[in-house]
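Asker: One structure coming up, written as structure tokens, with questions to follow.
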Number of protein chains: 2
Amino acid sequence: MKKYTLGIDFGTLSARAVILDTESGYEAAEAVYEYPHGVMDKALPSGKPLPKDTALQHPADYIEALKSVTSEALSSAGISGSDVAAVAIDFTSCTILPIYADGTPLCADEKYADEMHAYVKLWKHHGAQKEADAITALAKKRGEAWVDIYGGKISSEFFLPKIMQILNEAPEIYDEADHFIEAGDWLSFILTGKMTRSVSFAGYKANWVFGEGYPSSDFLRELDARLDTLFDGKLDREITPITEDAGVLNEYGAELLGLDAGTPLSLPIIDAQAGIPALNSVREGEAVLILGTSGCLIWHEKKRLDIPGILGHCYAPIAPELYTYEAGQACLGDGFDWFVKTCVPKSYYDQAEELGIGIHKYLREKAKKLAIGESGIVALDWFNGNRSLLNDAELSGMILGITITTRPEEIYRALIEASAFSTKMIIDEAEAYGSRIKKLCISGGIALKDEMMMQIFADVLGRDMLISSAKQSGAYGSAVRATVSAKLCRDIFEAAGRFEKPIAKTYTPIAENTALYQKLYEEYKALHDYFGKGGNEVMKRLKKISKG
Amino acid sequence: MKKYTLGIDFGTLSARAVILDTESGYEAAEAVYEYPHGVMDKALPSGKPLPKDTALQHPADYIEALKSVTSEALSSAGISGSDVAAVAIDFTSCTILPIYADGTPLCADEKYADEMHAYVKLWKHHGAQKEADAITALAKKRGEAWVDIYGGKISSEFFLPKIMQILNEAPEIYDEADHFIEAGDWLSFILTGKMTRSVSFAGYKANWVFGEGYPSSDFLRELDARLDTLFDGKLDREITPITEDAGVLNEYGAELLGLDAGTPLSLPIIDAQAGIPALNSVREGEAVLILGTSGCLIWHEKKRLDIPGILGHCYAPIAPELYTYEAGQACLGDGFDWFVKTCVPKSYYDQAEELGIGIHKYLREKAKKLAIGESGIVALDWFNGNRSLLNDAELSGMILGITITTRPEEIYRALIEASAFSTKMIIDEAEAYGSRIKKLCISGGIALKDEMMMQIFADVLGRDMLISSAKQSGAYGSAVRATVSAKLCRDIFEAAGRFEKPIAKTYTPIAENTALYQKLYEEYKALHDYFGKGGNEVMKRLKKISKG
């Protein structure tokens, strides 16, 4: 019997594969592939400059990634493609591209090589703010129910604003595209030959609501008469539930991956949720915190709760019969990286090099010696806008309390604290609306490496933080999910229980620290509300001025 | 006839001397001496650590500086000490020290070498906030008139809080000190053997008011019964007006400087005002902007205007019969230096080095390519507290509008703009209370080197900025002032007219830029008022928490 499954996790900068040996319960191999084009935010491959707030990717990178990680993982596991029982993919979202009917991306067409709107718009592409605002305004005017389910405001990161930006700025591309599709669904399409639209992408990013569908044609026509054609194939109304697979590999897909034709391909899901099975957190009251380039808190509810400012919830995107909620920071690791690249002096790099450690570790070592509140600094972590609870990409970051004796590690620690404060805001708000988070699990590099950050989170949240030993939890979780498609497990509950990664460490809040952080949190909250809820819309005005 | 005068300017990090040839009207020589102990804010010379908010200096550095710059300047001018007709000194303020009756500083006494309160407290020492608050509170309770003349609030940088901190934390030093004295007056004392208290220091920093004197003994007793002894010699009530000299060099002073005994020594004045004669801005409506480690706007009025939040005005501290007003930024060059040391990445230093230019110049080159408002960033420049119009050392800096694409030059430019905005706030407020600034003159390294900053100031203020060619305007201005003591000029008006340094360049506002900056200024002002005037006292609360 085929006892291996393959999970492939497509992140912002790279794709990672894990092969799971379902007999031993261990990974048989891992492989990583960095996208050669990375994130294109300054220029197209031709060198043509891109406008501000643009973030594109090249779809050819994904195909290369599929080939590279699969062949490397198979070879490293010492197994043949025929040993793989099923494959599951997860992908960033909303990451979309325009394609022709045969699946060819428009940017692969030479005549559109210099047209930015022919490329993949990455989740963090923020060029469609105008369109997002128009959608929100109209939805509120018409009293559309879905706008409240999506946090009361449509993010510029969503599907519809991104399509509308194409319509407005490159109507030819809009007309020429046979489909607009999530990159995850696009991979399913080319690997199986069958078009599916995963509930996971549709339900979080495309304003689709279980039992209600997409926004009505009437709404779309009022938004822009040209959107009349959107549902004529460009965007299919039919959504595939999590209980179904995307399909099976066709000849092309099998050859690309080096697996057998007919191998089941699970329905693709959002990368941020892919690790959940590895953390065995698929039941009500179980939450998972994902700290990556952005931050995401995910939890499940048996009943639908409408929590204001919570960007997404979806019926059964990962576990059957449970609503899964998602909220978090639009910027997390991205922000720390920005900080070390932009704001850390040469002397620190020199000292880190001398000690033979990375700059993040060097800063953490210094930051962890600081007492709580010692720096006098509080930051608003909106360096990439705010995703929850304000759901506003036009907000920006702020650092307050700087003096001429402020040191880089003080700001660095304030950024970490800000991410903990904004997580606390989300949990507090969710619980005020009826949630009960009973278990908080976290995985990933930051969780395993950054003891200071984990203790700060435990202290700020006043909760135990369970650190999973899962390292590539996205790809691993996808491999676990594939065991259901492979019929090696009955359902996701069994799979998650059987293949859960053990808890490596638990961080417990220190009561004294929690009390001190409560004071700083009050300050964060007051600034959050002042700048985020209309007290002073300076951030939005400055952003408008900056766009000229 | 002796035709040379000597001016010595004691700044925060170094002293500079200029010898003026009054016949040619040119400098005959210049010399600089950096204080070996610099600013002691981390530890005493013994290595004993210092608490937060402490900024001390070593008085021995000043004596070495006197000797060094005078002998170097004389030798460089190729003249003898006997050719010098008069000397004038200017000094930072409020920079005070406790001394014995013979002029010996207490820190020179071996038993106090490890006692921080025996040393010079530099103007930017901020350890006396508690005391400043107590003085303000009591003065307001009692309805003391002088508190309004001093901007409605007593700064921790002032004379009285600094003395009170000594009383509270080192009562033995308070008891042992025969005098507490401004460092500028101390130098007069040891050079002439005669104790004087310059109107310039007393009238700006010691709550002394022309025609009214110091705060009453009654007030001091209510503040702290132990202050009963303050006026028994520790602080003389007699203030010397600007129309009188400090005295003439005695044998000790003459030997120290290598000049003739009997050489007139002008009354010392605040360093920030020393350059004014060189800029020929000693009449009503003439303002001088000083951009150094801190920022200062100085102008004169025939009538006394009580402008809220303007830290200092004084009757005739530099020109007879004119009130001279002073307001500005507690942090300017200090802030830029903090930024380049703390927040500028290695890659920028590497590139600057490759181009063979300094880091400030490298950042300016990048910053000047930015359009107004392009960065989307506005900063509050309170990295060292706010000196005007809020007069509150407990405020702190803020940077708002940061995104993950923010570059260092964008923040750098925002800091420069913030200093222009805060200057505009001062001028607007002054004019609202009756001032009319007709001429705005500026000198110094920044003014001559930083074209971008000067154009930003002209654009933000909507005024011509006249850049003086004076390079060491402090020391040069002191040398000009000495011509009056030498009786080579009738008065300061004649001296300033005769020895004015020519205008090197005039920056004229560009109407379009002024209109754009008006929008950003509105944002700055709203944030200024919100954080500075009680809308949200987060900065003060955070500072309190940070002090533990």
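A note on labels: chains of the structure tokens are A, B, ... as shown, every chain counts residues from 1, and ligands are counted from 1 in their shown order.
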Please report, as a PyMOL selection string, each residue of segment 280-422 of chain B to which DSSP assigns alpha helix (DSSP H) when run on this structure's backbone.

Answerer: chain B and resi 333-342+346-355+359-367+408-422

Asker: Compute the chain B side of the contact with chain A at 8 Å, counting only C-alpha atoms, and hand it back as a ChimeraX atom specification.

Answerer: /B:334-335,338,340-347,349,373-377,382-385,395-408,520,523,538-539,542-543,545-548

Asker: Based on the selection just made, write C-alpha atoms of those residues as a PDB file, in the first residue's frame.

Answerer:
ATOM      1  CA  ASP B 334      21.209  65.898  18.963  1.00  0.00           C
ATOM      2  CA  GLY B 335      18.204  64.250  17.351  1.00  0.00           C
ATOM      3  CA  TRP B 338      20.779  60.043  17.562  1.00  0.00           C
ATOM      4  CA  VAL B 340      22.267  58.350  12.337  1.00  0.00           C
ATOM      5  CA  LYS B 341      23.863  56.505  15.243  1.00  0.00           C
ATOM      6  CA  THR B 342      20.800  54.438  16.081  1.00  0.00           C
ATOM      7  CA  CYS B 343      18.598  54.047  13.033  1.00  0.00           C
ATOM      8  CA  VAL B 344      20.710  54.075   9.892  1.00  0.00           C
ATOM      9  CA  PRO B 345      21.697  50.689   8.475  1.00  0.00           C
ATOM     10  CA  LYS B 346      25.110  49.405   7.617  1.00  0.00           C
ATOM     11  CA  SER B 347      24.442  49.519   3.890  1.00  0.00           C
ATOM     12  CA  TYR B 349      27.285  53.742   5.912  1.00  0.00           C
ATOM     13  CA  GLY B 373       4.664  64.489   1.716  1.00  0.00           C
ATOM     14  CA  GLU B 374       5.903  61.555  -0.348  1.00  0.00           C
ATOM     15  CA  SER B 375       7.041  59.582   2.685  1.00  0.00           C
ATOM     16  CA  GLY B 376       3.704  59.891   4.459  1.00  0.00           C
ATOM     17  CA  ILE B 377       5.606  60.462   7.695  1.00  0.00           C
ATOM     18  CA  TRP B 382      10.378  65.822  21.313  1.00  0.00           C
ATOM     19  CA  PHE B 383      13.266  63.378  21.620  1.00  0.00           C
ATOM     20  CA  ASN B 384      14.617  65.528  24.427  1.00  0.00           C
ATOM     21  CA  GLY B 385      11.284  66.796  25.691  1.00  0.00           C
ATOM     22  CA  LEU B 395       7.168  64.582  26.539  1.00  0.00           C
ATOM     23  CA  SER B 396       8.875  62.247  24.105  1.00  0.00           C
ATOM     24  CA  GLY B 397       9.318  61.808  20.386  1.00  0.00           C
ATOM     25  CA  MET B 398       6.948  60.132  17.970  1.00  0.00           C
ATOM     26  CA  ILE B 399       7.220  58.972  14.384  1.00  0.00           C
ATOM     27  CA  LEU B 400       3.965  58.292  12.574  1.00  0.00           C
ATOM     28  CA  GLY B 401       3.235  57.019   9.101  1.00  0.00           C
ATOM     29  CA  ILE B 402       5.823  54.244   8.924  1.00  0.00           C
ATOM     30  CA  THR B 403       5.285  51.378   6.488  1.00  0.00           C
ATOM     31  CA  ILE B 404       7.430  48.397   5.562  1.00  0.00           C
ATOM     32  CA  THR B 405       8.687  50.375   2.568  1.00  0.00           C
ATOM     33  CA  THR B 406       9.819  53.336   4.685  1.00  0.00           C
ATOM     34  CA  ARG B 407      13.460  54.199   4.102  1.00  0.00           C
ATOM     35  CA  PRO B 408      15.832  55.919   6.562  1.00  0.00           C
ATOM     36  CA  LEU B 520       1.462  68.661   6.789  1.00  0.00           C
ATOM     37  CA  GLU B 523      -1.251  67.392  10.934  1.00  0.00           C
ATOM     38  CA  VAL B 538       0.580  58.707  27.248  1.00  0.00           C
ATOM     39  CA  MET B 539       4.096  60.091  26.850  1.00  0.00           C
ATOM     40  CA  LEU B 542       5.218  55.909  29.722  1.00  0.00           C
ATOM     41  CA  LYS B 543       8.103  58.017  30.982  1.00  0.00           C
ATOM     42  CA  ILE B 545       6.661  53.736  33.999  1.00  0.00           C
ATOM     43  CA  SER B 546      10.113  53.716  32.404  1.00  0.00           C
ATOM     44  CA  LYS B 547      11.575  55.306  35.512  1.00  0.00           C
ATOM     45  CA  GLY B 548      10.218  52.348  37.487  1.00  0.00           C
TER      46      GLY B 548
END

Asker: Identify, on the basis of only C-alpha atoms, every residue whose closest approach to Tyr100 of chain A does not exceed 12 Å; exclude the query and any residue fewer than 3 positions from it along the same chain; express the result as a list in words.

Answerer: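 The residues that qualify are Leu97, Gly103, Thr104, Pro105, Leu106, Cys107, Ala108, Asp109, Ala118, Ile173, Tyr174, Asp175, Glu176, Ala177, Asp178, His179, Phe180, Ile181, Trp186, Phe189, Ile190, Gly233 and Lys234 of chain A.
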
Asker: For the selection you just gave me, I'd like the residues written to a file as a short mmCIF file (atom, residue, chain, number, x, y, z; two decimals), in the first residue's frame, keeping C-alpha atoms.

Answerer:
data_model
loop_
_atom_site.label_atom_id
_atom_site.label_comp_id
_atom_site.auth_asym_id
_atom_site.auth_seq_id
_atom_site.Cartn_x
_atom_site.Cartn_y
_atom_site.Cartn_z
CA LEU A 97 -3.95 35.83 -11.52
CA GLY A 103 -4.75 27.66 -17.82
CA THR A 104 -1.98 29.77 -19.38
CA PRO A 105 -1.38 32.92 -17.35
CA LEU A 106 -1.77 36.12 -19.34
CA CYS A 107 1.71 37.24 -18.29
CA ALA A 108 3.11 34.22 -20.17
CA ASP A 109 1.71 35.79 -23.32
CA ALA A 118 -1.18 40.31 -16.30
CA ILE A 173 -6.58 42.38 -19.51
CA TYR A 174 -9.97 42.12 -17.84
CA ASP A 175 -11.59 41.40 -21.19
CA GLU A 176 -8.95 38.96 -22.37
CA ALA A 177 -8.85 36.91 -19.17
CA ASP A 178 -11.05 33.83 -19.33
CA HIS A 179 -10.72 33.33 -15.59
CA PHE A 180 -9.48 35.14 -12.56
CA ILE A 181 -8.28 32.54 -10.14
CA TRP A 186 -4.80 27.53 -10.54
CA PHE A 189 -6.50 23.28 -12.40
CA ILE A 190 -3.26 22.60 -14.21
CA GLY A 233 -16.84 32.05 -16.36
CA LYS A 234 -14.32 34.63 -15.20
#

Asker: Could you give me, as CSV, a per-residue list for segment 366-430 of chain A showing, wherever an atom lies at most 10 Å from an atom of segment 441-459 of chain A, the closest pair of atoms and their distance in Å to one decimal, using only C-alpha atoms and sorting by chain then residue number from low to high?

Answerer:
residue,atom,partner,partner_atom,distance
A:Ala367,CA,A:Met452,CA,8.3
A:Lys368,CA,A:Met452,CA,6.0
A:Lys369,CA,A:Met452,CA,9.6
A:Ile372,CA,A:Ile456,CA,9.3
A:Arg413,CA,A:Met453,CA,8.4
A:Ile416,CA,A:Met453,CA,6.5
A:Glu417,CA,A:Ile456,CA,6.8
A:Ala418,CA,A:Phe457,CA,9.9
A:Ser419,CA,A:Phe457,CA,8.5
A:Ala420,CA,A:Phe457,CA,5.3
A:Phe421,CA,A:Phe457,CA,8.3
A:Thr423,CA,A:Phe457,CA,8.5
A:Lys424,CA,A:Phe457,CA,8.7

Asker: Considering only C-alpha atoms, return as an NGL selection string whatever protein or nucleic-acid residues lie within 10 Å of Leu66 of chain B, sequence-local ones (same chain, fewer than 6 positions apart) excluded.

Answerer: :B and (8-10 or 15-17 or 33 or 89 or 187 or 253 or 256-257)

Asker: Given only C-alpha atoms, how would the per-residue table for segment 54-161 of chain A near segment 468-489 of chain A read, listing every residue at most 12 Å away with its closest atom pair and distance in Å to one decimal, sorted by chain and number, as a Markdown table?

Answerer:
| residue | atom | partner | partner_atom | distance |
| --- | --- | --- | --- | --- |
| A:Val69 | CA | A:Ala475 | CA | 11.0 |
| A:Thr70 | CA | A:Ala475 | CA | 11.7 |
| A:Ala73 | CA | A:Ala475 | CA | 11.8 |
| A:Asp83 | CA | A:Ala486 | CA | 11.6 |
| A:Val84 | CA | A:Ala486 | CA | 9.1 |
| A:Ala85 | CA | A:Ala486 | CA | 5.5 |
| A:Ala86 | CA | A:Ala486 | CA | 5.1 |
| A:Val87 | CA | A:Ala482 | CA | 5.5 |
| A:Ala88 | CA | A:Ala482 | CA | 5.2 |
| A:Ile89 | CA | A:Ser478 | CA | 6.2 |
| A:Asp90 | CA | A:Ser478 | CA | 6.7 |
| A:Phe91 | CA | A:Gly474 | CA | 9.4 |
| A:Thr92 | CA | A:Gly474 | CA | 10.9 |

Asker: Tell me, in Å to one decimal, how far atom CA of Asn513 of chain A is from atom CA of Leu50 of chain B.

Answerer: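 Calculated distance between atom CA of Asn513 of chain A and atom CA of Leu50 of chain B is 26.4 Å.
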
Asker: How would you write, as a list in words, the set of residues in segment 97-302 of chain A that DSSP gives as strand (DSSP E)?

Answerer: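 For segment 97-302 of chain A, the strand (DSSP E) set is Leu97, Pro98, Ile99, Val120, Lys121, His179, Phe180, Ile181, Glu182, Gly247, Val248, Pro264, Leu265, Ile269, Ile270, Glu286, Ala287, Val288, Leu289, Ile290, Leu291, Gly295, Cys296, Leu297, Ile298, Trp299, His300 and Glu301 of chain A.
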
Asker: For Ile239 of chain A, list every protein, DNA or RNA residue within 10 Å, evaluated using only C-alpha atoms, and leave out those in the same chain fewer than 5 positions away; present the list as a PyMOL selection string.

Answerer: chain A and resi 196-203+208+210+213-214

Asker: Generate the output file for the selected residues, all heavy atoms, as a short mmCIF file (atom, residue, chain, number, x, y, z; two decimals), in the first residue's frame.

Answerer:
data_model
loop_
_atom_site.label_atom_id
_atom_site.label_comp_id
_atom_site.auth_asym_id
_atom_site.auth_seq_id
_atom_site.Cartn_x
_atom_site.Cartn_y
_atom_site.Cartn_z
N THR A 196 -11.58 23.94 -10.05
CA THR A 196 -12.32 24.00 -8.78
C THR A 196 -12.04 25.35 -8.14
O THR A 196 -11.07 26.03 -8.48
CB THR A 196 -11.85 22.90 -7.80
OG1 THR A 196 -10.43 22.94 -7.72
CG2 THR A 196 -12.30 21.52 -8.22
N ARG A 197 -12.95 25.71 -7.26
CA ARG A 197 -12.74 26.93 -6.46
C ARG A 197 -12.85 26.49 -5.00
O ARG A 197 -13.94 26.11 -4.56
CB ARG A 197 -13.82 27.97 -6.77
CG ARG A 197 -13.89 28.37 -8.23
CD ARG A 197 -12.80 29.36 -8.60
NE ARG A 197 -12.95 29.80 -9.98
CZ ARG A 197 -12.32 30.88 -10.47
NH1 ARG A 197 -11.54 31.61 -9.69
NH2 ARG A 197 -12.47 31.21 -11.73
N SER A 198 -11.77 26.55 -4.29
CA SER A 198 -11.76 26.05 -2.91
C SER A 198 -12.54 26.96 -1.98
O SER A 198 -12.43 28.18 -2.03
CB SER A 198 -10.31 25.95 -2.40
OG SER A 198 -10.31 25.79 -1.00
N VAL A 199 -13.32 26.32 -1.12
CA VAL A 199 -14.09 27.05 -0.12
C VAL A 199 -13.18 27.91 0.75
O VAL A 199 -13.57 28.97 1.23
CB VAL A 199 -14.91 26.06 0.74
CG1 VAL A 199 -13.99 25.10 1.49
CG2 VAL A 199 -15.82 26.79 1.73
N SER A 200 -11.97 27.46 0.95
CA SER A 200 -11.04 28.16 1.83
C SER A 200 -10.71 29.55 1.29
O SER A 200 -10.75 30.55 2.01
CB SER A 200 -9.76 27.32 1.99
OG SER A 200 -8.78 28.02 2.70
N PHE A 201 -10.38 29.63 -0.01
CA PHE A 201 -10.07 30.93 -0.61
C PHE A 201 -11.34 31.78 -0.75
O PHE A 201 -11.35 32.96 -0.43
CB PHE A 201 -9.42 30.75 -1.99
CG PHE A 201 -8.18 29.90 -1.99
CD1 PHE A 201 -8.02 28.86 -2.91
CD2 PHE A 201 -7.16 30.14 -1.07
CE1 PHE A 201 -6.86 28.08 -2.92
CE2 PHE A 201 -6.00 29.35 -1.07
CZ PHE A 201 -5.85 28.32 -2.00
N ALA A 202 -12.39 31.15 -1.28
CA ALA A 202 -13.62 31.89 -1.57
C ALA A 202 -14.22 32.47 -0.29
O ALA A 202 -14.70 33.59 -0.26
CB ALA A 202 -14.64 30.99 -2.28
N GLY A 203 -14.18 31.66 0.77
CA GLY A 203 -14.86 32.03 2.00
C GLY A 203 -14.12 33.04 2.84
O GLY A 203 -14.70 33.66 3.73
N TRP A 208 -17.47 35.49 -0.56
CA TRP A 208 -18.42 34.40 -0.72
C TRP A 208 -18.86 33.98 0.69
O TRP A 208 -18.05 33.93 1.61
CB TRP A 208 -17.74 33.24 -1.45
CG TRP A 208 -18.61 32.03 -1.62
CD1 TRP A 208 -19.49 31.79 -2.63
CD2 TRP A 208 -18.67 30.89 -0.75
NE1 TRP A 208 -20.10 30.59 -2.46
CE2 TRP A 208 -19.63 30.01 -1.31
CE3 TRP A 208 -18.04 30.53 0.44
CZ2 TRP A 208 -19.96 28.78 -0.72
CZ3 TRP A 208 -18.36 29.32 1.03
CH2 TRP A 208 -19.32 28.46 0.46
N PHE A 210 -21.12 31.04 2.91
CA PHE A 210 -21.78 29.73 2.87
C PHE A 210 -23.30 29.91 2.94
O PHE A 210 -23.83 30.62 3.78
CB PHE A 210 -21.32 28.90 4.08
CG PHE A 210 -22.02 27.58 4.21
CD1 PHE A 210 -21.71 26.54 3.34
CD2 PHE A 210 -22.98 27.38 5.18
CE1 PHE A 210 -22.36 25.31 3.45
CE2 PHE A 210 -23.64 26.17 5.30
CZ PHE A 210 -23.33 25.13 4.43
N GLY A 213 -23.62 32.48 -1.10
CA GLY A 213 -22.87 32.66 -2.33
C GLY A 213 -22.12 33.97 -2.40
O GLY A 213 -21.86 34.60 -1.37
N TYR A 214 -21.77 34.34 -3.64
CA TYR A 214 -21.03 35.59 -3.88
C TYR A 214 -21.98 36.78 -3.77
O TYR A 214 -23.20 36.61 -3.79
CB TYR A 214 -20.45 35.58 -5.30
CG TYR A 214 -19.20 34.75 -5.45
CD1 TYR A 214 -19.21 33.58 -6.20
CD2 TYR A 214 -18.00 35.16 -4.86
CE1 TYR A 214 -18.05 32.83 -6.36
CE2 TYR A 214 -16.84 34.41 -5.02
CZ TYR A 214 -16.86 33.25 -5.77
OH TYR A 214 -15.74 32.51 -5.93
#

Asker: For Asp61 of chain A, work out the shell of residues within 10 Å, counting only C-alpha atoms and skipping chain neighbours fewer than 2 positions away, then give it as an MDAnalysis selection string.

Answerer: chainID A and resid 14:15 33:38 57:59 63:66

Asker: Take the residues from that selection and put them in a file with all heavy atoms, as a tab-separated table (two decimals), in the first residue's frame.

Answerer:
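For reference, selection28.tsv as written:
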chain	number	residue	atom	x	y	z
A	14	SER	N	8.81	31.53	-0.73
A	14	SER	CA	9.31	30.20	-1.12
A	14	SER	C	8.21	29.16	-0.98
A	14	SER	O	7.18	29.41	-0.36
A	14	SER	CB	10.49	29.81	-0.23
A	14	SER	OG	10.08	29.77	1.12
A	15	ALA	N	8.46	27.99	-1.57
A	15	ALA	CA	7.56	26.84	-1.39
A	15	ALA	C	8.34	25.76	-0.65
A	15	ALA	O	9.55	25.63	-0.82
A	15	ALA	CB	7.09	26.32	-2.74
A	33	TYR	N	12.14	25.69	-1.90
A	33	TYR	CA	12.53	26.35	-3.15
A	33	TYR	C	12.16	27.83	-3.05
A	33	TYR	O	10.99	28.17	-2.80
A	33	TYR	CB	11.78	25.70	-4.33
A	33	TYR	CG	12.08	26.32	-5.67
A	33	TYR	CD1	13.22	25.96	-6.39
A	33	TYR	CD2	11.22	27.26	-6.22
A	33	TYR	CE1	13.49	26.52	-7.63
A	33	TYR	CE2	11.48	27.83	-7.47
A	33	TYR	CZ	12.62	27.45	-8.17
A	33	TYR	OH	12.89	28.01	-9.38
A	34	GLU	N	13.15	28.69	-3.23
A	34	GLU	CA	12.87	30.14	-3.19
A	34	GLU	C	12.48	30.62	-4.57
A	34	GLU	O	13.15	30.31	-5.56
A	34	GLU	CB	14.09	30.90	-2.69
A	34	GLU	CG	14.32	30.67	-1.22
A	34	GLU	CD	15.14	31.78	-0.57
A	34	GLU	OE1	15.44	32.77	-1.25
A	34	GLU	OE2	15.47	31.62	0.61
A	35	TYR	N	11.42	31.41	-4.63
A	35	TYR	CA	10.97	31.91	-5.93
A	35	TYR	C	12.04	32.83	-6.53
A	35	TYR	O	12.41	33.82	-5.90
A	35	TYR	CB	9.67	32.72	-5.79
A	35	TYR	CG	8.57	32.00	-5.05
A	35	TYR	CD1	7.71	32.72	-4.23
A	35	TYR	CD2	8.36	30.63	-5.19
A	35	TYR	CE1	6.68	32.09	-3.54
A	35	TYR	CE2	7.34	30.00	-4.50
A	35	TYR	CZ	6.50	30.73	-3.68
A	35	TYR	OH	5.49	30.11	-3.00
A	36	PRO	N	12.47	32.54	-7.73
A	36	PRO	CA	13.52	33.40	-8.32
A	36	PRO	C	13.09	34.87	-8.41
A	36	PRO	O	13.89	35.76	-8.21
A	36	PRO	CB	13.73	32.80	-9.71
A	36	PRO	CG	13.22	31.40	-9.61
A	36	PRO	CD	12.14	31.40	-8.58
A	37	HIS	N	11.83	35.11	-8.71
A	37	HIS	CA	11.39	36.52	-8.84
A	37	HIS	C	10.97	37.11	-7.51
A	37	HIS	O	10.71	38.32	-7.44
A	37	HIS	CB	10.23	36.63	-9.83
A	37	HIS	CG	10.59	36.27	-11.23
A	37	HIS	ND1	10.48	34.98	-11.71
A	37	HIS	CD2	11.09	37.01	-12.25
A	37	HIS	CE1	10.87	34.96	-12.98
A	37	HIS	NE2	11.26	36.17	-13.33
A	38	GLY	N	10.88	36.31	-6.49
A	38	GLY	CA	10.49	36.81	-5.15
A	38	GLY	C	9.19	37.60	-5.21
A	38	GLY	O	8.25	37.21	-5.91
A	57	GLN	N	3.78	38.59	-8.23
A	57	GLN	CA	4.65	37.43	-8.34
A	57	GLN	C	4.58	36.88	-9.76
A	57	GLN	O	3.71	37.27	-10.55
A	57	GLN	CB	4.28	36.36	-7.31
A	57	GLN	CG	4.58	36.83	-5.89
A	57	GLN	CD	4.75	35.72	-4.88
A	57	GLN	OE1	3.95	34.80	-4.86
A	57	GLN	NE2	5.77	35.81	-4.04
A	58	HIS	N	5.53	35.99	-10.03
A	58	HIS	CA	5.60	35.40	-11.36
A	58	HIS	C	5.10	33.96	-11.27
A	58	HIS	O	5.68	33.15	-10.54
A	58	HIS	CB	7.05	35.43	-11.87
A	58	HIS	CG	7.13	35.34	-13.36
A	58	HIS	ND1	6.50	34.35	-14.07
A	58	HIS	CD2	7.73	36.13	-14.27
A	58	HIS	CE1	6.72	34.51	-15.35
A	58	HIS	NE2	7.47	35.61	-15.51
A	59	PRO	N	4.05	33.57	-12.01
A	59	PRO	CA	3.49	32.23	-11.86
A	59	PRO	C	4.46	31.12	-12.29
A	59	PRO	O	4.35	29.99	-11.80
A	59	PRO	CB	2.24	32.25	-12.77
A	59	PRO	CG	2.44	33.38	-13.71
A	59	PRO	CD	3.29	34.39	-12.99
A	63	ILE	N	5.47	26.90	-10.77
A	63	ILE	CA	5.64	25.65	-11.52
A	63	ILE	C	7.02	25.07	-11.24
A	63	ILE	O	7.18	23.86	-10.96
A	63	ILE	CB	5.44	25.90	-13.04
A	63	ILE	CG1	4.08	26.56	-13.31
A	63	ILE	CG2	5.60	24.59	-13.83
A	63	ILE	CD1	2.89	25.73	-12.91
A	64	GLU	N	8.01	25.96	-11.29
A	64	GLU	CA	9.37	25.52	-10.96
A	64	GLU	C	9.42	24.96	-9.55
A	64	GLU	O	10.09	23.97	-9.28
A	64	GLU	CB	10.36	26.70	-11.10
A	64	GLU	CG	10.74	27.02	-12.53
A	64	GLU	CD	11.19	25.79	-13.30
A	64	GLU	OE1	12.09	25.07	-12.81
A	64	GLU	OE2	10.62	25.54	-14.39
A	65	ALA	N	8.71	25.64	-8.66
A	65	ALA	CA	8.70	25.20	-7.25
A	65	ALA	C	8.10	23.81	-7.13
A	65	ALA	O	8.64	22.94	-6.44
A	65	ALA	CB	7.93	26.21	-6.39
A	66	LEU	N	6.96	23.58	-7.80
A	66	LEU	CA	6.31	22.26	-7.76
A	66	LEU	C	7.29	21.17	-8.16
A	66	LEU	O	7.44	20.16	-7.47
A	66	LEU	CB	5.13	22.23	-8.75
A	66	LEU	CG	3.78	22.78	-8.31
A	66	LEU	CD1	2.79	22.70	-9.49
A	66	LEU	CD2	3.23	22.00	-7.11

Asker: Pick the closest to Gly312 of chain B from B:Leu389, B:Leu160, B:Ala139, B:Ile149: which is it, counting only C-alpha atoms?

Answerer: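 Distance minimum relative to Gly312 of chain B lands on B:Ile149.
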